[in-house]
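Trainee: Encoded as structure tokens, here's the structure I'll be asking about.
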Amino acid sequence: MAQSICLIDTSKCMGCRGCQGACKQWNRLPAEDTTFVGTYENPPRFSADTFLRVAFREHSGNNGRVDWYMAKLGCMHCTDAACMQACPAGAIFRSDEGTVNIDEVKCIGCNYCVTACPFQVIGFDRLTNKARKCTFCLDRLENGLQPACAKVCPTDSIVFGDKRKLIARAMDRVDQLKAAGKTEARIYGLDEVDGTAMMYVLADKPEKYGLPEDPQVPMQTRIWNAIFKPLRILVVVAVAFGLWVNRSQTKTIEDAKSKNQAE
Amino acid sequence: MTNHWNDYQHSDVIMAIGGNTAENHPISMKWIEKARETRGAKLITVDPRYCRTAAVSDVYVPLRPGTNIAYLGGLINYILQNNRYHEEYVKHYTNASFLIDENYDFDAQTGLFTGAEDDPVRNATKYNMEDWQYQTDDDGEILKDPDLEDPNCAFQLLKKHFAPYSIENVSKMTGAPEDVLEESYELFSSTGEAAKAGNILYAMGITQFTHGAQNTRAIAIAQLLLGNMGIAGGGVNAQRGQSNVQGATDMAMLYHIIPGYNPTPQQTQPTLQDYLDATTPEDNWWSNRPKYIVSLLKAFYGDNATLANDYGYEWLPKLDGLDHSHIPAYKYMRDGEVEGLICVADNPLVGGSSSRAKMDYQKNLKWLVSIDVVENETAAFWKGPGMNPAEIDTEVFILPACAAYERDGEKANSGRWIQWQYKAQDPPGDAKSDLWIVNEMFKKLQALYEAEGGTVPEQITRMHWDYDDENGDIDIVKVCKEINGYNTVTGELVTNFVGLEDDGTTACGNWLYSGYYNNLENPACKRRIREKEGLGFHQEWAFAWPLNRRNVYNRASCDPEGKPWNPDAPVIWWDENEERWVGNDVPDIPGTWTLEQSTENPFIMLPEGVGRLYSIGYQGVGGLRCGPFPTHYEPADSPVPNLLYPNATYSPTSQRFYENHTVETDEERERYPYVATTYRLVEHYQSGSVTRNQPWLNEMMPEMFVEISEEHAEELGISNGDTVLIESLRLYNNGEQGHIEAKACVTKRIQPLMINGEKKHIVGMPFHWGFMGMSTGDSANDLTPSVGDPNTTIPEYKAFLCNIRRA
């Protein structure tokens, strides 16, 4: 697991979405065409063009009080990373910085990582047939910079730094929150999936932020990984062939469609 | 702001009222979080909605839009009834002890102060303020009761005035539960202890009411009572919601002031002496006004301004007694009295009140010039919804302006720091800086007036206008030098405003800014040195007006002996050995004064030298048209009668311009039963001209929406995300009801409030949308009334009545 991590303190997040914009900007991601569906949360899901979303969740709290929780969501960069195990092409790798990244050249577009991710944060680009997700701004890290989301956060709700120091800081903060009556406050990402490089201080239960209570690598991914790993090359060839066939068909259909439209 | 954003780190209790600081001033939360982490500070949010600031607050107080004075009056009453005020501070640093004319009174029956008269010009009430004055002895000295016991002293009158603002009554008016009110009052008034700092943050949710100025006064009174002015972590902090709106105000973008907060001359003041006599007090800082005015005139008219011609005072435009602010300007347009309009970075058809009606009024213009980054709704009104371009003769000129990052210049932030900003990139196409455009426009105008003459051409032809560089382009340094001030004989820049004279030997474009550009090598506004230790004042970072002072009124941060009330955050202090003020900030006291003089006059901008609990114009400085104390009046569009003063529902002095414009009958109250307010989102900015053309921001906030409670939605049969129609009296014309359209946001964050036993639904809307740009939608301001505060005529955007129905 990484020596440097991001600590996301949800109790300090006021939902300004500076991180969401910074992510789009640094990664040069196009805007999605969204509509207002009754919540501030938008876009509604992760995609190949959206690596980071800020959750806005309303809950009835104590004494008639409303709890309105906000949190930056995105790839957790797990130690026990389901996507890495699911990938048949060896396209998902752990960088020297400890982050989990997709090598788009190697990605064969099988979508397995997308379905395996317990946090459902991997997007799929149907145009290029590649899986895409948060890179932890690996290009910035390699140049001595912090991730764009941490850089832009005005309240230090997202901070980047030494893992040990940030874990200590997280523990102190959880104690503070508990003392202030937030009895469900906790660190999230310390033990979950053997630890994540995006670690959280949550002021309440994970599901109140849209995070799974107990994230797990899916059993089928583990079985797939254990049994087929020795045969990976074969699998890659088989899958690639299957996809090639699939794509040719899709292309034929699309060509036919556009021809139709043109007519 | 009296303090600065980063000064929030010294606060013990912070109250955000009428300002959604997390959402609209996100950087403020950095310092609030710091205060919470390092000092255990508490944050109270008072807002009709459970907004993003409320989400991170310790105490949330809901309140009905338009009842801020009820809430703040309750706070003042709580402080007084429970002896939570800072007694020594109140006795020494406020006018609590001043005796007021025995004829002064407030009549709860009529809801009026002494001296009420009809004002036929404004069709409202006005006050004869003769009986509001301080009692004086034969020498003109103000009479005082140091024990604060005389029934006519300001302190006792204050107590009496706010006695009806009990928690029970405040709860009935605002809808906030009594226990929540008490919790917030108890918490905030804990800062009445000498070493504690309480900080009140506000924005347009305080000012945009028919009683907006008195809302602000109520905040000031609470802060004076608690001894929170002048100290680190205290203050009355107006959070500016627009980059450089502070600078624009300092430079007199409002019609009633000229640069540096000097009043605009009136027709009744035909000579310079008349003007100075009416506006210059005998005592304290504004006694320097003649120096600032003469230097300003020298900056305006250069060599044409001489002692013999009153320094060109004659050429300054004079006010005719009529209101020339935003609302009446459009009314005059409706009546065909306005031929042309120049809009510089302004979009009144989205950002102005009753904006749909304004679209029609613009048809009466012969010409319209819009100087903006984009073609906004105001410029494109002729192709707006319901408009027929074939019938509109207005000639529209669009001058493309560059964005702030595409030109050099300076900005003043809320904390009064004037900071130089370097150009980051070239503007696209023909876009030019505002300064370039104004320079070219003025040069052409001057040439035209010189060639053709006109009405009072001297106003233009005698103007000193020399800002070109050798290539004929605008030279911004020339502008900076003039604002800073210079010696008219030697041409040398003045060090600061202390060097300004009233004999024509100095010129200065804005006395408050004097010192910000006092040398060419390293101008103060370009400095970027962080302090290594201290309170975060960063004295060598940029320049704060006045005189690089970071916390104004900082004399009041010390006790009468000159020792800091809070030794842990000392702003300044009296050095007994050196016999002068020293410390972390520039003392807000003339250097020549003794300790005693400073103790008697800690508020040097006021002629009486102390903070005003009771506020009247004194020696020509300050005072409000609507009374010496804030009083709860309902907003113009009100769902209920005034609980405290049943015969004065609305502010009797408020400015009304249109007939049948606000809800007055029971039938209308039934037609528009819901209490609405407007606000901004962090994702969009003002009228959205820029941000609604930014795809990433549109992705986050794609459409106009309206927030209603779950209970309300159920009553109306509305589901989350449904399209709904919203109506107000402003869209009711000739028996036909117009509406705006929005998506419903059904939320727990808005709750119906119990107002005097009756349930009232609250409705909230952002006002960012319009018909131009990449993300289009209806504008909430189509619904808002054009009624104004009696002092500022700011429209009442933040409280009005509406109806909602399914589309």
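Just remember, in the structure tokens the first chain shown is A, the second B, etc., residues are 1-based per chain, and ligands are 1-based in the order shown.
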Do you know which residues are at most 7 Å from stretch 489-499 of chain B counting only C-alpha atoms, after dropping those on the same chain fewer than 3 positions away, and could you put them as an MDAnalysis selection string?

Mentor: chainID B and resid 481 485:486 505 511 514:515 518:519 547

Trainee: Could you save the residues just selected, with N, CA and C atoms, as a tab-separated table (two decimals), in the first residue's frame?

Mentor:
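What ended up in again08.tsv:
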```tsv
chain	number	residue	atom	x	y	z
B	481	LYS	N	-1.32	55.95	-10.11
B	481	LYS	CA	-0.66	57.10	-9.48
B	481	LYS	C	-1.70	58.14	-9.07
B	485	GLY	N	-2.52	59.39	-5.32
B	485	GLY	CA	-2.33	60.80	-4.97
B	485	GLY	C	-0.90	61.25	-5.19
B	486	TYR	N	-0.77	62.52	-5.62
B	486	TYR	CA	0.55	63.08	-5.89
B	486	TYR	C	0.55	64.57	-5.62
B	505	THR	N	-2.53	71.69	-3.63
B	505	THR	CA	-1.16	71.22	-3.89
B	505	THR	C	-1.09	69.70	-4.01
B	511	TRP	N	-8.97	59.01	-1.45
B	511	TRP	CA	-8.12	59.17	-0.26
B	511	TRP	C	-7.93	57.84	0.48
B	514	SER	N	-5.05	55.91	-0.74
B	514	SER	CA	-3.76	56.60	-0.73
B	514	SER	C	-2.73	55.78	0.05
B	515	GLY	N	-1.60	55.53	-0.57
B	515	GLY	CA	-0.56	54.71	0.04
B	515	GLY	C	-0.44	53.35	-0.63
B	518	ASN	N	2.38	54.05	-3.60
B	518	ASN	CA	3.11	55.28	-3.29
B	518	ASN	C	4.55	55.30	-3.77
B	519	ASN	N	4.96	54.25	-4.47
B	519	ASN	CA	6.24	54.30	-5.16
B	519	ASN	C	6.15	53.37	-6.36
B	547	LEU	N	-4.68	53.02	5.31
B	547	LEU	CA	-3.34	53.07	5.90
B	547	LEU	C	-2.74	51.70	6.19
```

Trainee: Give me the residues near B:Tyr650 as an MDAnalysis selection string, where near means some atom within 12 Å (using only C-alpha atoms) and where sequence neighbours in that chain fewer than 4 positions away do not count.

Mentor: chainID B and resid 66:67 110:112 124:125 209:211 626 631:646 654:656 662:664 787:790

Trainee: Mind dumping the selected residues with N, CA and C atoms as a short mmCIF file (atom, residue, chain, number, x, y, z; two decimals), in the first residue's frame?

Mentor:
```
data_model
loop_
_atom_site.label_atom_id
_atom_site.label_comp_id
_atom_site.auth_asym_id
_atom_site.auth_seq_id
_atom_site.Cartn_x
_atom_site.Cartn_y
_atom_site.Cartn_z
N GLY B 66 -37.14 37.49 5.82
CA GLY B 66 -37.62 38.83 6.13
C GLY B 66 -37.82 39.11 7.60
N THR B 67 -37.38 38.21 8.48
CA THR B 67 -37.57 38.44 9.91
C THR B 67 -36.25 38.52 10.65
N THR B 110 -48.57 52.91 16.71
CA THR B 110 -48.47 53.28 15.29
C THR B 110 -47.28 52.61 14.61
N GLY B 111 -46.34 52.13 15.43
CA GLY B 111 -45.12 51.55 14.84
C GLY B 111 -44.20 52.62 14.28
N LEU B 112 -44.34 53.86 14.78
CA LEU B 112 -43.56 54.97 14.24
C LEU B 112 -42.74 55.66 15.33
N ALA B 124 -44.51 58.09 0.89
CA ALA B 124 -44.18 57.24 2.04
C ALA B 124 -44.09 58.14 3.27
N THR B 125 -43.67 57.54 4.39
CA THR B 125 -43.47 58.34 5.59
C THR B 125 -42.02 58.82 5.61
N PHE B 209 -33.48 43.85 1.72
CA PHE B 209 -34.82 43.95 2.30
C PHE B 209 -35.23 45.41 2.36
N THR B 210 -36.52 45.64 2.54
CA THR B 210 -36.97 47.02 2.74
C THR B 210 -36.48 47.55 4.09
N HIS B 211 -35.91 46.65 4.91
CA HIS B 211 -35.29 47.11 6.16
C HIS B 211 -33.84 46.63 6.21
N CYS B 626 -34.81 55.77 8.61
CA CYS B 626 -35.93 54.98 9.09
C CYS B 626 -35.92 54.80 10.61
N THR B 631 -36.24 48.22 13.82
CA THR B 631 -37.59 47.88 14.25
C THR B 631 -38.11 46.78 13.34
N HIS B 632 -38.81 45.83 13.92
CA HIS B 632 -39.33 44.76 13.06
C HIS B 632 -40.52 45.23 12.24
N TYR B 633 -40.32 45.28 10.94
CA TYR B 633 -41.43 45.46 10.02
C TYR B 633 -41.43 44.24 9.11
N GLU B 634 -42.61 43.89 8.65
CA GLU B 634 -42.72 42.77 7.72
C GLU B 634 -42.16 43.18 6.36
N PRO B 635 -41.73 42.20 5.56
CA PRO B 635 -41.35 42.56 4.19
C PRO B 635 -42.57 43.07 3.43
N ALA B 636 -42.34 43.74 2.31
CA ALA B 636 -43.46 44.33 1.56
C ALA B 636 -44.48 43.27 1.15
N ASP B 637 -44.00 42.11 0.74
CA ASP B 637 -44.87 40.97 0.44
C ASP B 637 -44.91 40.11 1.70
N SER B 638 -45.93 40.30 2.54
CA SER B 638 -45.90 39.57 3.81
C SER B 638 -47.12 38.68 3.96
N PRO B 639 -46.91 37.49 4.52
CA PRO B 639 -48.05 36.57 4.70
C PRO B 639 -48.84 36.86 5.97
N VAL B 640 -48.30 37.66 6.88
CA VAL B 640 -48.95 37.89 8.18
C VAL B 640 -48.88 39.35 8.58
N PRO B 641 -49.75 39.79 9.51
CA PRO B 641 -49.61 41.15 10.03
C PRO B 641 -48.38 41.24 10.94
N ASN B 642 -48.00 42.46 11.25
CA ASN B 642 -46.87 42.69 12.15
C ASN B 642 -47.31 42.37 13.58
N LEU B 643 -46.73 41.35 14.16
CA LEU B 643 -47.15 40.90 15.49
C LEU B 643 -46.92 41.98 16.54
N LEU B 644 -45.81 42.70 16.43
CA LEU B 644 -45.47 43.69 17.47
C LEU B 644 -46.17 45.03 17.25
N TYR B 645 -46.29 45.44 16.00
CA TYR B 645 -46.86 46.76 15.70
C TYR B 645 -47.92 46.59 14.62
N PRO B 646 -49.13 46.15 15.02
CA PRO B 646 -50.14 45.75 14.03
C PRO B 646 -50.53 46.86 13.05
N SER B 654 -40.26 52.73 3.59
CA SER B 654 -39.67 52.01 2.45
C SER B 654 -40.07 52.67 1.13
N GLN B 655 -39.28 52.40 0.10
CA GLN B 655 -39.44 53.07 -1.19
C GLN B 655 -40.30 52.22 -2.11
N ARG B 656 -41.46 52.77 -2.47
CA ARG B 656 -42.35 52.06 -3.38
C ARG B 656 -42.47 52.86 -4.66
N THR B 662 -47.06 44.82 -4.75
CA THR B 662 -46.81 43.88 -3.66
C THR B 662 -48.13 43.44 -3.04
N VAL B 663 -48.08 42.30 -2.36
CA VAL B 663 -49.28 41.67 -1.84
C VAL B 663 -49.85 42.48 -0.67
N GLU B 664 -51.08 42.94 -0.81
CA GLU B 664 -51.65 43.76 0.27
C GLU B 664 -53.01 43.28 0.74
N VAL B 787 -39.27 46.94 -4.64
CA VAL B 787 -39.48 47.88 -3.53
C VAL B 787 -38.14 48.01 -2.84
N GLY B 788 -37.89 49.17 -2.24
CA GLY B 788 -36.53 49.40 -1.77
C GLY B 788 -36.43 49.85 -0.33
N ASP B 789 -35.24 49.62 0.21
CA ASP B 789 -34.90 50.14 1.53
C ASP B 789 -34.91 51.67 1.48
N PRO B 790 -35.37 52.34 2.54
CA PRO B 790 -35.48 53.81 2.50
C PRO B 790 -34.12 54.51 2.37
#
```

Trainee: Could you list the residues in chain A lying within 8 Å of chain B, using only C-alpha atoms, and format the result as number ranges by chain?

Mentor: A: 11-17, 21, 24, 30-43, 58-60, 66-69, 154-156

Trainee: Keeping only C-alpha atoms, write those residues as a tab-separated table (two decimals), in the first residue's frame.

Mentor:
```tsv
chain	number	residue	atom	x	y	z
A	11	SER	CA	-16.90	16.38	8.45
A	12	LYS	CA	-15.07	19.29	6.84
A	13	CYS	CA	-16.62	18.96	3.41
A	14	MET	CA	-19.18	21.65	2.58
A	15	GLY	CA	-19.85	20.42	-0.93
A	16	CYS	CA	-18.19	23.22	-2.91
A	17	ARG	CA	-17.25	20.70	-5.59
A	21	GLY	CA	-14.20	20.66	-11.26
A	24	LYS	CA	-12.34	17.43	-14.88
A	30	PRO	CA	-15.55	16.67	-21.15
A	31	ALA	CA	-18.72	17.70	-19.37
A	32	GLU	CA	-21.62	15.31	-19.45
A	33	ASP	CA	-25.07	16.36	-20.55
A	34	THR	CA	-27.00	16.20	-17.28
A	35	THR	CA	-30.46	17.16	-16.03
A	36	PHE	CA	-31.64	18.23	-12.60
A	37	VAL	CA	-33.30	15.21	-11.04
A	38	GLY	CA	-34.02	16.54	-7.57
A	39	THR	CA	-30.60	16.46	-5.95
A	40	TYR	CA	-27.44	18.56	-6.08
A	41	GLU	CA	-25.51	15.37	-6.86
A	42	ASN	CA	-24.56	15.38	-10.54
A	43	PRO	CA	-23.54	13.62	-12.79
A	58	GLU	CA	-29.96	13.95	3.11
A	59	HIS	CA	-30.96	12.01	6.19
A	60	SER	CA	-33.29	12.63	9.10
A	66	VAL	CA	-31.46	17.19	9.11
A	67	ASP	CA	-28.12	15.65	8.29
A	68	TRP	CA	-26.88	16.72	4.90
A	69	TYR	CA	-23.71	14.83	4.15
A	154	PRO	CA	-10.42	25.04	0.50
A	155	THR	CA	-11.13	23.44	3.88
A	156	ASP	CA	-8.47	20.72	3.84
```

Trainee: Could you list, as a list in words, every residue within 10 Å of stretch 171-181 of chain A, counting only C-alpha atoms and ignoring same-chain residues fewer than 4 positions away?

Mentor: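 Near neighbours after the sequence-gap exclusion: Asp9, Ser11, Lys165, Leu166, Ile167, Ala185, Arg186, Ile187, Val201, Leu202, Ala203 and Asp204 of chain A; Glu37 and Asp58 of chain B.
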
Trainee: Name all residues at most 10 Å from A:Val105 (count only C-alpha atoms; drop same-chain ones fewer than 3 positions away) and give them as a PyMOL selection string.

Mentor: chain A and resi 91+102+108+130

Trainee: Hey, can you check how far atom CA of B:Tyr516 sits from atom CA of B:Ala232?

Mentor: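 According to the coordinates, atom CA of B:Tyr516 and atom CA of B:Ala232 are separated by 23.4 Å.
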
Trainee: So what do you get for atom CA of B:Ile589 versus atom CA of B:Trp286, distance-wise?

Mentor: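 Rounded to one decimal, the two atoms are 13.3 Å apart.
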
Trainee: Point out the residue among B:Leu512, B:Glu596, B:Ser709, B:Phe442 with the least atom-to-atom distance to B:Asn262, counting only C-alpha atoms.

Mentor: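 Among B:Leu512, B:Glu596, B:Ser709, B:Phe442, it is B:Leu512 that comes nearest to B:Asn262.
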
Trainee: Could you check the closest approach to B:Phe155 for each of B:Ile794, B:Met229, B:Ile76, B:Leu181 and tell me which residue wins, using only C-alpha atoms?

Mentor: B:Ile76

Trainee: Could you check which of A:Thr99, A:Asp139, A:Phe119, A:Arg126 is closest to A:Ser4, using only C-alpha atoms?

Mentor: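 Distance minimum relative to A:Ser4 lands on A:Thr99.
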
Trainee: Identify, on the basis of only C-alpha atoms, every residue whose closest approach to B:Ala116 does not exceed 10 Å; exclude the query and any residue fewer than 5 positions from it along the same chain; express the result as number ranges by chain.

Mentor: B: 125-129, 626-627, 652-653

Trainee: I need the chosen residues saved as a PDB file, in the first residue's frame, with N, CA and C atoms.

Mentor:
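Below is the file again15.pdb, written as the result:
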```
ATOM      1  N   THR B 125     -43.674  57.543   4.389  1.00  0.00           N
ATOM      2  CA  THR B 125     -43.467  58.336   5.592  1.00  0.00           C
ATOM      3  C   THR B 125     -42.020  58.816   5.615  1.00  0.00           C
ATOM      4  N   LYS B 126     -41.822  60.032   6.092  1.00  0.00           N
ATOM      5  CA  LYS B 126     -40.445  60.469   6.349  1.00  0.00           C
ATOM      6  C   LYS B 126     -40.389  61.030   7.760  1.00  0.00           C
ATOM      7  N   TYR B 127     -39.199  61.215   8.259  1.00  0.00           N
ATOM      8  CA  TYR B 127     -39.057  61.683   9.634  1.00  0.00           C
ATOM      9  C   TYR B 127     -38.429  63.058   9.709  1.00  0.00           C
ATOM     10  N   ASN B 128     -39.011  63.863  10.570  1.00  0.00           N
ATOM     11  CA  ASN B 128     -38.336  65.077  11.012  1.00  0.00           C
ATOM     12  C   ASN B 128     -37.512  64.658  12.219  1.00  0.00           C
ATOM     13  N   MET B 129     -36.192  64.762  12.132  1.00  0.00           N
ATOM     14  CA  MET B 129     -35.324  64.147  13.126  1.00  0.00           C
ATOM     15  C   MET B 129     -34.930  65.097  14.261  1.00  0.00           C
ATOM     16  N   CYS B 626     -34.806  55.772   8.609  1.00  0.00           N
ATOM     17  CA  CYS B 626     -35.932  54.983   9.091  1.00  0.00           C
ATOM     18  C   CYS B 626     -35.922  54.804  10.611  1.00  0.00           C
ATOM     19  N   GLY B 627     -35.106  55.576  11.313  1.00  0.00           N
ATOM     20  CA  GLY B 627     -35.172  55.518  12.770  1.00  0.00           C
ATOM     21  C   GLY B 627     -33.835  55.243  13.412  1.00  0.00           C
ATOM     22  N   PRO B 652     -42.699  51.741   7.099  1.00  0.00           N
ATOM     23  CA  PRO B 652     -43.448  52.915   6.609  1.00  0.00           C
ATOM     24  C   PRO B 652     -42.596  53.852   5.761  1.00  0.00           C
ATOM     25  N   THR B 653     -41.295  53.747   5.887  1.00  0.00           N
ATOM     26  CA  THR B 653     -40.428  54.645   5.111  1.00  0.00           C
ATOM     27  C   THR B 653     -39.911  53.998   3.834  1.00  0.00           C
TER      28      THR B 653
END
```

Trainee: Please measure the separation of atom CA of B:Ile762 and atom CA of B:Ile708, giving the value in Å to one decimal.

Mentor: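 These atoms are spaced 6.8 Å apart.
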
Trainee: Could you give me, as a VMD selection string, the residues within 6 Å of stretch 167-174 of chain B, counting only C-alpha atoms and dropping anything in the same chain fewer than 2 positions from it?

Mentor: chain B and resid 63 to 64 67 70 165 176 to 178 755 to 756

Trainee: Among stretch 10-91 of chain A, which residues does DSSP mark as alpha helix (DSSP H) when it is run on the backbone? Keep the chain and numbering as in the structure and answer as number ranges by chain.

Mentor: A: 18-26, 82-86

Trainee: Which residue, B:Asn288, B:Lys443, B:Ala713, B:Tyr361, has the smallest gap to B:Ile604 when you use only C-alpha atoms?

Mentor: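 Closest to B:Ile604 of all the choices is B:Asn288.
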
Trainee: Using only C-alpha atoms, determine which residues lie at most 12 Å from B:Ala195, disregarding the query and same-chain residues fewer than 5 positions distant; provide the list as a PyMOL selection string.

Mentor: chain B and resi 10-12+86+89+190+226-228+231-234+557-559+563-570

Trainee: Emit the selected residues as a PDB file, in the first residue's frame, including C-alpha atoms.

Mentor:
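Done, and the output landed in out.pdb:
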```
ATOM      1  CA  HIS B  10      -9.520  33.937  16.214  1.00  0.00           C
ATOM      2  CA  SER B  11     -13.282  33.695  16.698  1.00  0.00           C
ATOM      3  CA  ASP B  12     -14.888  31.749  19.532  1.00  0.00           C
ATOM      4  CA  HIS B  86     -19.485  43.747  28.068  1.00  0.00           C
ATOM      5  CA  TYR B  89     -16.813  48.348  26.731  1.00  0.00           C
ATOM      6  CA  SER B 190     -21.173  34.124  25.660  1.00  0.00           C
ATOM      7  CA  LEU B 226     -20.776  42.257  23.367  1.00  0.00           C
ATOM      8  CA  GLY B 227     -17.554  44.228  22.885  1.00  0.00           C
ATOM      9  CA  ASN B 228     -16.795  42.410  19.662  1.00  0.00           C
ATOM     10  CA  ILE B 231     -10.844  42.748  18.459  1.00  0.00           C
ATOM     11  CA  ALA B 232      -9.262  39.837  16.613  1.00  0.00           C
ATOM     12  CA  GLY B 233     -11.927  37.304  15.668  1.00  0.00           C
ATOM     13  CA  GLY B 234     -14.771  39.797  16.058  1.00  0.00           C
ATOM     14  CA  SER B 557      -9.521  45.844  21.213  1.00  0.00           C
ATOM     15  CA  CYS B 558      -7.903  47.237  24.371  1.00  0.00           C
ATOM     16  CA  ASP B 559      -9.307  48.360  27.690  1.00  0.00           C
ATOM     17  CA  LYS B 563      -4.208  46.657  27.537  1.00  0.00           C
ATOM     18  CA  PRO B 564      -5.699  44.077  25.135  1.00  0.00           C
ATOM     19  CA  TRP B 565      -9.042  42.640  26.276  1.00  0.00           C
ATOM     20  CA  ASN B 566      -7.701  39.318  25.068  1.00  0.00           C
ATOM     21  CA  PRO B 567      -3.978  39.011  25.816  1.00  0.00           C
ATOM     22  CA  ASP B 568      -3.798  35.854  23.687  1.00  0.00           C
ATOM     23  CA  ALA B 569      -4.721  37.711  20.511  1.00  0.00           C
ATOM     24  CA  PRO B 570      -3.390  41.242  21.008  1.00  0.00           C
TER      25      PRO B 570
END
```
